[in-house]
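Asker: Data file coords-v9.pdb (PDB, C-alpha atoms, pLDDT in the B column) is appended below.
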ATOM      1  CA  MET A   1      11.206  -3.030   6.540  1.00 94.00           C
ATOM      2  CA  TRP A   2       7.403  -2.954   6.343  1.00 96.00           C
ATOM      3  CA  VAL A   3       6.039  -4.789   3.286  1.00 98.00           C
ATOM      4  CA  LYS A   4       2.551  -5.260   1.880  1.00 98.00           C
ATOM      5  CA  VAL A   5       1.452  -7.625  -0.883  1.00 98.00           C
ATOM      6  CA  CYS A   6      -1.633  -6.240  -2.588  1.00 97.00           C
ATOM      7  CA  GLY A   7      -4.266  -7.408  -5.059  1.00 97.00           C
ATOM      8  CA  LEU A   8      -4.570 -10.874  -3.528  1.00 98.00           C
ATOM      9  CA  ARG A   9      -7.424 -13.028  -4.807  1.00 97.00           C
ATOM     10  CA  THR A  10      -6.676 -16.576  -3.612  1.00 97.00           C
ATOM     11  CA  GLU A  11      -6.151 -18.137  -0.213  1.00 97.00           C
ATOM     12  CA  GLU A  12      -2.962 -19.789  -1.475  1.00 97.00           C
ATOM     13  CA  ALA A  13      -1.409 -16.425  -2.330  1.00 98.00           C
ATOM     14  CA  VAL A  14      -2.522 -14.874   0.970  1.00 98.00           C
ATOM     15  CA  LEU A  15      -0.994 -17.699   3.004  1.00 97.00           C
ATOM     16  CA  ALA A  16       2.209 -17.554   0.970  1.00 97.00           C
ATOM     17  CA  ALA A  17       2.560 -13.829   1.671  1.00 98.00           C
ATOM     18  CA  VAL A  18       1.837 -14.211   5.375  1.00 98.00           C
ATOM     19  CA  GLY A  19       4.095 -17.248   5.684  1.00 97.00           C
ATOM     20  CA  ALA A  20       6.960 -15.382   4.022  1.00 97.00           C
ATOM     21  CA  GLY A  21       6.688 -12.523   6.502  1.00 96.00           C
ATOM     22  CA  ALA A  22       4.461  -9.875   4.905  1.00 97.00           C
ATOM     23  CA  ASP A  23       3.386  -7.205   7.384  1.00 97.00           C
ATOM     24  CA  ALA A  24       0.131  -6.613   5.512  1.00 98.00           C
ATOM     25  CA  VAL A  25      -1.994  -8.142   2.765  1.00 98.00           C
ATOM     26  CA  GLY A  26      -4.249  -6.124   0.484  1.00 98.00           C
ATOM     27  CA  PHE A  27      -7.659  -6.818  -1.048  1.00 98.00           C
ATOM     28  CA  VAL A  28      -9.047  -4.637  -3.839  1.00 98.00           C
ATOM     29  CA  PHE A  29     -12.736  -3.732  -3.623  1.00 98.00           C
ATOM     30  CA  ALA A  30     -12.621  -1.157  -6.423  1.00 96.00           C
ATOM     31  CA  ALA A  31     -13.598  -2.246  -9.943  1.00 93.00           C
ATOM     32  CA  GLY A  32     -10.797  -3.908 -11.905  1.00 92.00           C
ATOM     33  CA  ARG A  33      -9.212  -7.254 -12.671  1.00 92.00           C
ATOM     34  CA  ARG A  34      -7.963  -7.681  -9.094  1.00 94.00           C
ATOM     35  CA  GLN A  35     -11.313  -6.933  -7.479  1.00 97.00           C
ATOM     36  CA  VAL A  36     -12.512  -9.448  -4.894  1.00 97.00           C
ATOM     37  CA  SER A  37     -16.015 -10.090  -3.630  1.00 97.00           C
ATOM     38  CA  PRO A  38     -16.805  -9.418   0.036  1.00 98.00           C
ATOM     39  CA  ASP A  39     -17.463 -13.112   0.667  1.00 98.00           C
ATOM     40  CA  ASN A  40     -14.136 -14.152  -0.858  1.00 97.00           C
ATOM     41  CA  ALA A  41     -12.244 -11.494   1.088  1.00 98.00           C
ATOM     42  CA  GLN A  42     -13.920 -12.571   4.317  1.00 98.00           C
ATOM     43  CA  ARG A  43     -12.887 -16.188   3.738  1.00 97.00           C
ATOM     44  CA  MET A  44      -9.264 -15.222   3.016  1.00 97.00           C
ATOM     45  CA  ILE A  45      -9.036 -12.952   6.052  1.00 98.00           C
ATOM     46  CA  ALA A  46     -10.593 -15.374   8.532  1.00 96.00           C
ATOM     47  CA  GLY A  47      -7.947 -17.009  10.693  1.00 91.00           C
ATOM     48  CA  LEU A  48      -5.045 -14.773   9.672  1.00 97.00           C
ATOM     49  CA  PRO A  49      -2.680 -13.760  12.489  1.00 97.00           C
ATOM     50  CA  GLU A  50      -3.757 -10.680  14.395  1.00 96.00           C
ATOM     51  CA  ALA A  51      -0.397  -8.985  13.751  1.00 96.00           C
ATOM     52  CA  VAL A  52      -0.869  -9.054   9.966  1.00 97.00           C
ATOM     53  CA  GLY A  53      -2.608  -5.986   8.527  1.00 98.00           C
ATOM     54  CA  LYS A  54      -5.724  -6.734   6.471  1.00 98.00           C
ATOM     55  CA  VAL A  55      -5.991  -3.797   4.086  1.00 98.00           C
ATOM     56  CA  GLY A  56      -8.972  -2.995   1.894  1.00 98.00           C
ATOM     57  CA  VAL A  57      -8.318  -0.897  -1.217  1.00 98.00           C
ATOM     58  CA  PHE A  58     -10.997   1.579  -2.330  1.00 97.00           C
ATOM     59  CA  VAL A  59     -11.307   4.296  -4.992  1.00 96.00           C
ATOM     60  CA  ASP A  60     -13.577   7.274  -4.257  1.00 96.00           C
ATOM     61  CA  ALA A  61     -15.945   5.287  -2.041  1.00 97.00           C
ATOM     62  CA  SER A  62     -17.794   7.152   0.711  1.00 96.00           C
ATOM     63  CA  ALA A  63     -16.715   6.789   4.316  1.00 97.00           C
ATOM     64  CA  ALA A  64     -19.945   4.910   5.014  1.00 96.00           C
ATOM     65  CA  GLU A  65     -19.286   2.437   2.186  1.00 97.00           C
ATOM     66  CA  VAL A  66     -15.699   1.887   3.309  1.00 97.00           C
ATOM     67  CA  TRP A  67     -16.679   1.339   6.928  1.00 96.00           C
ATOM     68  CA  ALA A  68     -19.497  -1.062   6.013  1.00 97.00           C
ATOM     69  CA  MET A  69     -17.114  -3.207   3.958  1.00 98.00           C
ATOM     70  CA  ALA A  70     -14.423  -3.101   6.642  1.00 98.00           C
ATOM     71  CA  ALA A  71     -16.845  -4.312   9.285  1.00 97.00           C
ATOM     72  CA  ARG A  72     -18.269  -7.021   7.032  1.00 97.00           C
ATOM     73  CA  VAL A  73     -15.002  -8.689   6.014  1.00 98.00           C
ATOM     74  CA  GLY A  74     -12.735  -7.919   8.986  1.00 98.00           C
ATOM     75  CA  LEU A  75     -10.365  -5.244   7.675  1.00 98.00           C
ATOM     76  CA  THR A  76      -7.833  -3.649  10.022  1.00 98.00           C
ATOM     77  CA  HIS A  77      -6.742  -0.861   7.621  1.00 98.00           C
ATOM     78  CA  VAL A  78      -8.089   0.874   4.539  1.00 98.00           C
ATOM     79  CA  GLN A  79      -6.195   2.210   1.523  1.00 98.00           C
ATOM     80  CA  LEU A  80      -7.684   5.046  -0.508  1.00 98.00           C
ATOM     81  CA  HIS A  81      -6.617   5.423  -4.150  1.00 93.00           C
ATOM     82  CA  GLY A  82      -8.931   8.151  -5.399  1.00 94.00           C
ATOM     83  CA  ALA A  83      -9.454  11.874  -4.894  1.00 94.00           C
ATOM     84  CA  GLU A  84     -10.664  11.463  -1.317  1.00 96.00           C
ATOM     85  CA  PRO A  85     -10.381  14.716   0.705  1.00 96.00           C
ATOM     86  CA  PRO A  86      -8.309  14.925   3.906  1.00 97.00           C
ATOM     87  CA  GLU A  87     -11.534  15.118   5.932  1.00 96.00           C
ATOM     88  CA  ILE A  88     -12.282  11.459   5.233  1.00 96.00           C
ATOM     89  CA  LEU A  89      -9.481  10.473   7.617  1.00 96.00           C
ATOM     90  CA  GLU A  90     -11.579  11.819  10.496  1.00 94.00           C
ATOM     91  CA  GLN A  91     -14.640   9.910   9.288  1.00 96.00           C
ATOM     92  CA  LEU A  92     -13.012   6.473   9.358  1.00 95.00           C
ATOM     93  CA  SER A  93     -12.265   4.639  12.590  1.00 91.00           C
ATOM     94  CA  LEU A  94      -9.535   2.485  11.019  1.00 96.00           C
ATOM     95  CA  PRO A  95      -5.969   3.517  10.136  1.00 97.00           C
ATOM     96  CA  VAL A  96      -5.811   4.875   6.586  1.00 98.00           C
ATOM     97  CA  ILE A  97      -3.137   4.556   3.913  1.00 98.00           C
ATOM     98  CA  LYS A  98      -3.655   7.386   1.419  1.00 98.00           C
ATOM     99  CA  ALA A  99      -2.256   6.702  -2.056  1.00 96.00           C
ATOM    100  CA  PHE A 100      -1.068   9.408  -4.438  1.00 95.00           C
ATOM    101  CA  ARG A 101      -0.541   9.068  -8.192  1.00 90.00           C
ATOM    102  CA  VAL A 102       2.636  11.078  -8.727  1.00 92.00           C
ATOM    103  CA  LYS A 103       3.612  12.587 -12.076  1.00 90.00           C
ATOM    104  CA  ASP A 104       5.771  15.531 -11.041  1.00 91.00           C
ATOM    105  CA  ARG A 105       6.689  17.722  -8.075  1.00 92.00           C
ATOM    106  CA  ALA A 106       3.363  19.547  -8.191  1.00 92.00           C
ATOM    107  CA  ASP A 107       1.624  16.319  -7.155  1.00 91.00           C
ATOM    108  CA  LEU A 108       3.576  16.290  -3.893  1.00 94.00           C
ATOM    109  CA  ARG A 109       2.041  19.508  -2.564  1.00 93.00           C
ATOM    110  CA  ARG A 110      -1.054  17.769  -1.170  1.00 95.00           C
ATOM    111  CA  LEU A 111       0.816  15.183   0.889  1.00 97.00           C
ATOM    112  CA  PRO A 112       1.086  17.250   4.119  1.00 97.00           C
ATOM    113  CA  LEU A 113      -2.698  17.697   4.127  1.00 97.00           C
ATOM    114  CA  TYR A 114      -2.948  13.967   4.920  1.00 97.00           C
ATOM    115  CA  ARG A 115      -0.504  13.947   7.832  1.00 97.00           C
ATOM    116  CA  ALA A 116      -3.168  12.286   9.999  1.00 97.00           C
ATOM    117  CA  ALA A 117      -2.931   9.135   7.862  1.00 98.00           C
ATOM    118  CA  ALA A 118      -1.112   5.989   8.957  1.00 98.00           C
ATOM    119  CA  GLY A 119       0.612   5.702   5.588  1.00 98.00           C
ATOM    120  CA  LEU A 120       1.292   7.857   2.523  1.00 98.00           C
ATOM    121  CA  LEU A 121       1.776   5.683  -0.550  1.00 97.00           C
ATOM    122  CA  LEU A 122       3.405   7.052  -3.705  1.00 96.00           C
ATOM    123  CA  ASP A 123       2.528   5.375  -6.996  1.00 92.00           C
ATOM    124  CA  PRO A 124       3.449   6.573 -10.517  1.00 87.00           C
ATOM    125  CA  PHE A 125       0.762   8.434 -12.447  1.00 75.00           C
ATOM    126  CA  VAL A 126      -0.730   6.466 -15.328  1.00 71.00           C
ATOM    127  CA  PRO A 127      -3.758   8.044 -17.067  1.00 57.00           C
ATOM    128  CA  GLY A 128      -6.978   6.223 -16.245  1.00 61.00           C
ATOM    129  CA  GLU A 129      -5.354   3.789 -13.803  1.00 64.00           C
ATOM    130  CA  PRO A 130      -5.587   4.127 -10.004  1.00 59.00           C
ATOM    131  CA  GLY A 131      -2.627   1.792  -9.385  1.00 54.00           C
ATOM    132  CA  GLY A 132      -1.147  -1.661  -9.930  1.00 54.00           C
ATOM    133  CA  THR A 133       0.204  -0.743 -13.379  1.00 58.00           C
ATOM    134  CA  GLY A 134       3.742  -2.071 -13.066  1.00 67.00           C
ATOM    135  CA  ARG A 135       5.212   1.349 -13.924  1.00 77.00           C
ATOM    136  CA  ARG A 136       8.139   2.516 -11.800  1.00 86.00           C
ATOM    137  CA  LEU A 137       8.120   5.722  -9.800  1.00 89.00           C
ATOM    138  CA  ASP A 138      10.870   8.300 -10.289  1.00 90.00           C
ATOM    139  CA  LEU A 139      12.802   7.800  -7.049  1.00 94.00           C
ATOM    140  CA  SER A 140      14.019  11.399  -7.080  1.00 93.00           C
ATOM    141  CA  LEU A 141      10.368  12.380  -6.571  1.00 94.00           C
ATOM    142  CA  PHE A 142      10.103   9.937  -3.688  1.00 95.00           C
ATOM    143  CA  ARG A 143      13.134  11.453  -1.962  1.00 95.00           C
ATOM    144  CA  ARG A 144      11.767  14.950  -2.587  1.00 95.00           C
ATOM    145  CA  ALA A 145       8.452  13.888  -1.048  1.00 96.00           C
ATOM    146  CA  GLU A 146      10.209  12.765   2.118  1.00 96.00           C
ATOM    147  CA  ALA A 147      12.157  16.010   2.368  1.00 95.00           C
ATOM    148  CA  SER A 148       9.030  18.103   1.780  1.00 94.00           C
ATOM    149  CA  LEU A 149       7.047  16.232   4.417  1.00 96.00           C
ATOM    150  CA  ARG A 150       9.778  16.602   7.016  1.00 96.00           C
ATOM    151  CA  ALA A 151      10.103  20.301   6.165  1.00 95.00           C
ATOM    152  CA  ALA A 152       6.353  20.630   6.753  1.00 96.00           C
ATOM    153  CA  GLY A 153       6.770  19.107  10.213  1.00 96.00           C
ATOM    154  CA  VAL A 154       5.269  15.723   9.376  1.00 97.00           C
ATOM    155  CA  ASP A 155       6.667  13.072  11.732  1.00 95.00           C
ATOM    156  CA  LEU A 156       7.362  10.098   9.478  1.00 97.00           C
ATOM    157  CA  SER A 157       7.684   6.630  10.974  1.00 96.00           C
ATOM    158  CA  GLU A 158      10.687   4.383  10.483  1.00 93.00           C
ATOM    159  CA  PRO A 159      10.688   1.176   8.352  1.00 93.00           C
ATOM    160  CA  ASP A 160      10.294  -1.214  11.286  1.00 91.00           C
ATOM    161  CA  GLU A 161       7.609   0.752  13.126  1.00 92.00           C
ATOM    162  CA  PRO A 162       3.920  -0.202  12.844  1.00 92.00           C
ATOM    163  CA  LEU A 163       1.400   1.856  10.892  1.00 95.00           C
ATOM    164  CA  THR A 164       0.294   4.629  13.220  1.00 95.00           C
ATOM    165  CA  PRO A 165      -2.234   7.369  12.425  1.00 96.00           C
ATOM    166  CA  GLY A 166      -0.621  10.805  12.624  1.00 96.00           C
ATOM    167  CA  HIS A 167       2.847   9.284  12.328  1.00 96.00           C
ATOM    168  CA  PRO A 168       2.656   8.155   8.683  1.00 97.00           C
ATOM    169  CA  LYS A 169       4.892   5.682   6.962  1.00 97.00           C
ATOM    170  CA  LEU A 170       6.070   6.833   3.504  1.00 98.00           C
ATOM    171  CA  ILE A 171       5.466   3.825   1.254  1.00 98.00           C
ATOM    172  CA  LEU A 172       7.021   3.179  -2.148  1.00 97.00           C
ATOM    173  CA  ALA A 173       4.939   1.427  -4.820  1.00 96.00           C
ATOM    174  CA  GLY A 174       4.992   0.996  -8.566  1.00 90.00           C
ATOM    175  CA  GLY A 175       7.012  -1.406 -10.692  1.00 91.00           C
ATOM    176  CA  LEU A 176       8.723  -3.170  -7.807  1.00 96.00           C
ATOM    177  CA  ASP A 177       9.684  -6.823  -8.229  1.00 97.00           C
ATOM    178  CA  PRO A 178      12.090  -9.312  -6.639  1.00 97.00           C
ATOM    179  CA  GLU A 179      14.926  -8.201  -8.916  1.00 96.00           C
ATOM    180  CA  ASN A 180      14.761  -4.440  -8.371  1.00 95.00           C
ATOM    181  CA  VAL A 181      13.290  -3.942  -4.905  1.00 96.00           C
ATOM    182  CA  GLY A 182      16.675  -4.116  -3.135  1.00 95.00           C
ATOM    183  CA  ALA A 183      18.114  -1.312  -5.249  1.00 95.00           C
ATOM    184  CA  ALA A 184      14.900   0.724  -4.926  1.00 95.00           C
ATOM    185  CA  ILE A 185      15.056   0.498  -1.122  1.00 96.00           C
ATOM    186  CA  ALA A 186      18.730   1.475  -1.097  1.00 94.00           C
ATOM    187  CA  GLU A 187      18.081   4.525  -3.295  1.00 94.00           C
ATOM    188  CA  GLY A 188      14.653   5.634  -2.088  1.00 94.00           C
ATOM    189  CA  ARG A 189      14.997   4.654   1.599  1.00 95.00           C
ATOM    190  CA  PRO A 190      11.223   4.243   2.049  1.00 97.00           C
ATOM    191  CA  GLY A 191       9.381   3.475   5.254  1.00 97.00           C
ATOM    192  CA  GLY A 192       7.742   0.545   3.498  1.00 97.00           C
ATOM    193  CA  VAL A 193       7.077  -1.048   0.115  1.00 98.00           C
ATOM    194  CA  ASP A 194       3.907  -2.229  -1.604  1.00 97.00           C
ATOM    195  CA  VAL A 195       3.847  -4.771  -4.441  1.00 97.00           C
ATOM    196  CA  SER A 196       1.173  -6.188  -6.730  1.00 95.00           C
ATOM    197  CA  SER A 197       1.986  -6.701 -10.419  1.00 93.00           C
ATOM    198  CA  GLY A 198       5.660  -7.341  -9.628  1.00 95.00           C
ATOM    199  CA  VAL A 199       4.801 -10.683  -8.018  1.00 97.00           C
ATOM    200  CA  GLU A 200       2.498 -11.851 -10.803  1.00 97.00           C
ATOM    201  CA  THR A 201       2.981 -14.160 -13.753  1.00 96.00           C
ATOM    202  CA  GLY A 202       0.420 -14.025 -16.531  1.00 95.00           C
ATOM    203  CA  GLY A 203      -1.786 -11.724 -14.478  1.00 92.00           C
ATOM    204  CA  SER A 204      -1.989 -14.052 -11.451  1.00 96.00           C
ATOM    205  CA  LYS A 205      -0.057 -13.978  -8.205  1.00 97.00           C
ATOM    206  CA  ASP A 206       3.082 -16.136  -8.362  1.00 98.00           C
ATOM    207  CA  ILE A 207       3.886 -17.885  -5.072  1.00 98.00           C
ATOM    208  CA  VAL A 208       7.604 -18.127  -5.829  1.00 98.00           C
ATOM    209  CA  LYS A 209       7.825 -14.423  -6.680  1.00 98.00           C
ATOM    210  CA  ILE A 210       5.925 -13.450  -3.534  1.00 98.00           C
ATOM    211  CA  ARG A 211       8.341 -15.379  -1.357  1.00 97.00           C
ATOM    212  CA  LYS A 212      11.406 -14.067  -3.179  1.00 98.00           C
ATOM    213  CA  PHE A 213      10.180 -10.478  -3.014  1.00 98.00           C
ATOM    214  CA  ILE A 214       9.622 -10.594   0.738  1.00 98.00           C
ATOM    215  CA  GLU A 215      12.951 -12.336   1.267  1.00 97.00           C
ATOM    216  CA  MET A 216      14.695  -9.517  -0.600  1.00 97.00           C
ATOM    217  CA  VAL A 217      12.861  -6.837   1.419  1.00 97.00           C
ATOM    218  CA  LYS A 218      13.432  -8.491   4.752  1.00 93.00           C
ATOM    219  CA  GLY A 219      17.083  -9.157   3.999  1.00 83.00           C
ATOM    220  CA  GLY A 220      16.824 -12.894   4.544  1.00 45.00           C
ATOM    221  CA  ARG A 221      15.730 -12.470   8.169  1.00 38.00           C
ATOM    222  CA  ARG A 222      12.554 -14.522   7.677  1.00 37.00           C
TER     223      ARG A 222
END
Show me the file's structure as structure tokens.
Answerer:
Amino acid sequence: MWVKVCGLRTEEAVLAAVGAGADAVGFVFAAGRRQVSPDNAQRMIAGLPEAVGKVGVFVDASAAEVWAMAARVGLTHVQLHGAEPPEILEQLSLPVIKAFRVKDRADLRRLPLYRAAAGLLLDPFVPGEPGGTGRRLDLSLFRRAEASLRAAGVDLSEPDEPLTPGHPKLILAGGLDPENVGAAIAEGRPGGVDVSSGVETGGSKDIVKIRKFIEMVKGGRR
């Protein structure tokens, strides 16, 4: 099962996630309490294993801004959390994870337009917040999203496959933590999971929670 730990701001937390078996680590460049500076992100990324995805998170940045940051700090993937149009996928030379803030079934209609993405991430809608809220997504909407994408002819990747543009992984996010992620995977059957607030204590990443979360996702294989 593919797993990403997002909103990382310290080298200790990054190394804990990678050491526990995370497939990707995420760095937020959009404004907010988890935002990191380019210099800090570059330091945390330097020396990480090639196989680990280094994902930059952006909200409504231009393709030029995203690419400039990716080249500066060494990103391998980008994650878009705003109202970016499908055309931006063609303007970026890195694999893209497109996030969607889902409130109801109407929000799922746009997903097939982004079939060229490497990942489609579903996060619960919270007014004024692009993500990382700790709210849980209605898993019935997640299952409906999968069915709708397959009906539209979108070839979704399996949990153990790498992120591949045009063969998107359907990723579950929102309110996941070490205690509930096992049940969420069993019910939602996602292609991958993304966690941020669920591995924090007092607003900071908790090393013990990061390791426990990944252990639960990976089924003790790491």
Asker: Taking all atoms listed in the file into account, which of A:Met1, A:Val208, A:Ala17, A:Met216 comes nearest Gly182 (chain A)?
Answerer: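 Between A:Met1, A:Val208, A:Ala17, A:Met216, the residue approaching Gly182 (chain A) most closely is A:Met216.
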Asker: Find the distance between CA of Ala83 (chain A) and CA of Pro112 (chain A) and write it in Å to one decimal.
Answerer: 14.9 Å
Asker: Pull out every residue that the PyMOL selection byres ((chain A and resi 27) around 6) matches in the shown coordinates and put them as a tab-separated table (two decimals) with C-alpha atoms, keeping the file's coordinate frame.
Answerer:
chain	number	residue	atom	x	y	z
A	7	GLY	CA	-4.27	-7.41	-5.06
A	8	LEU	CA	-4.57	-10.87	-3.53
A	26	GLY	CA	-4.25	-6.12	0.48
A	28	VAL	CA	-9.05	-4.64	-3.84
A	56	GLY	CA	-8.97	-3.00	1.89
A	57	VAL	CA	-8.32	-0.90	-1.22
Asker: Tell me which protein, DNA and RNA residues are within 8 Å of Ala41 (chain A), counting only C-alpha atoms, leaving out same-chain ones fewer than 4 positions away, and put them as a list in words.
Answerer: Arg9, Phe27, Val36, Ser37, Ile45 and Val73 of chain A
Asker: Kindly resolve the PyMOL selection byres ((chain A and resi 50) around 12) on the present coordinates and return the residues as an MDAnalysis selection string.
Answerer: chainID A and resid 18 23:24 45:49 51:54 74:76
Asker: So the first atom is CA of Ile214 (chain A) and the second is CA of Glu200 (chain A); what is the distance between them in Å, to one decimal place?
Answerer: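 Here the two named atoms are 13.6 Å from each other.
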Asker: From the set A:His77, A:Arg135, A:Arg110, A:Lys218, which residue has the shortest atom-to-atom contact distance to Leu176 (chain A), counting only C-alpha atoms?
Answerer: A:Arg135
Asker: May I ask which of the residues A:Arg136, A:Arg43, A:Arg115, A:Arg105 is the closest one to Ala184 (chain A), counting all atoms listed in the file?
Answerer: A:Arg136
Asker: Report as an MDAnalysis selection string all protein, DNA and RNA residues lying within 9 Å of Thr10 (chain A), evaluated on only C-alpha atoms, omitting residues in the same chain fewer than 4 positions from it.
Answerer: chainID A and resid 14:15 40:41 44 205
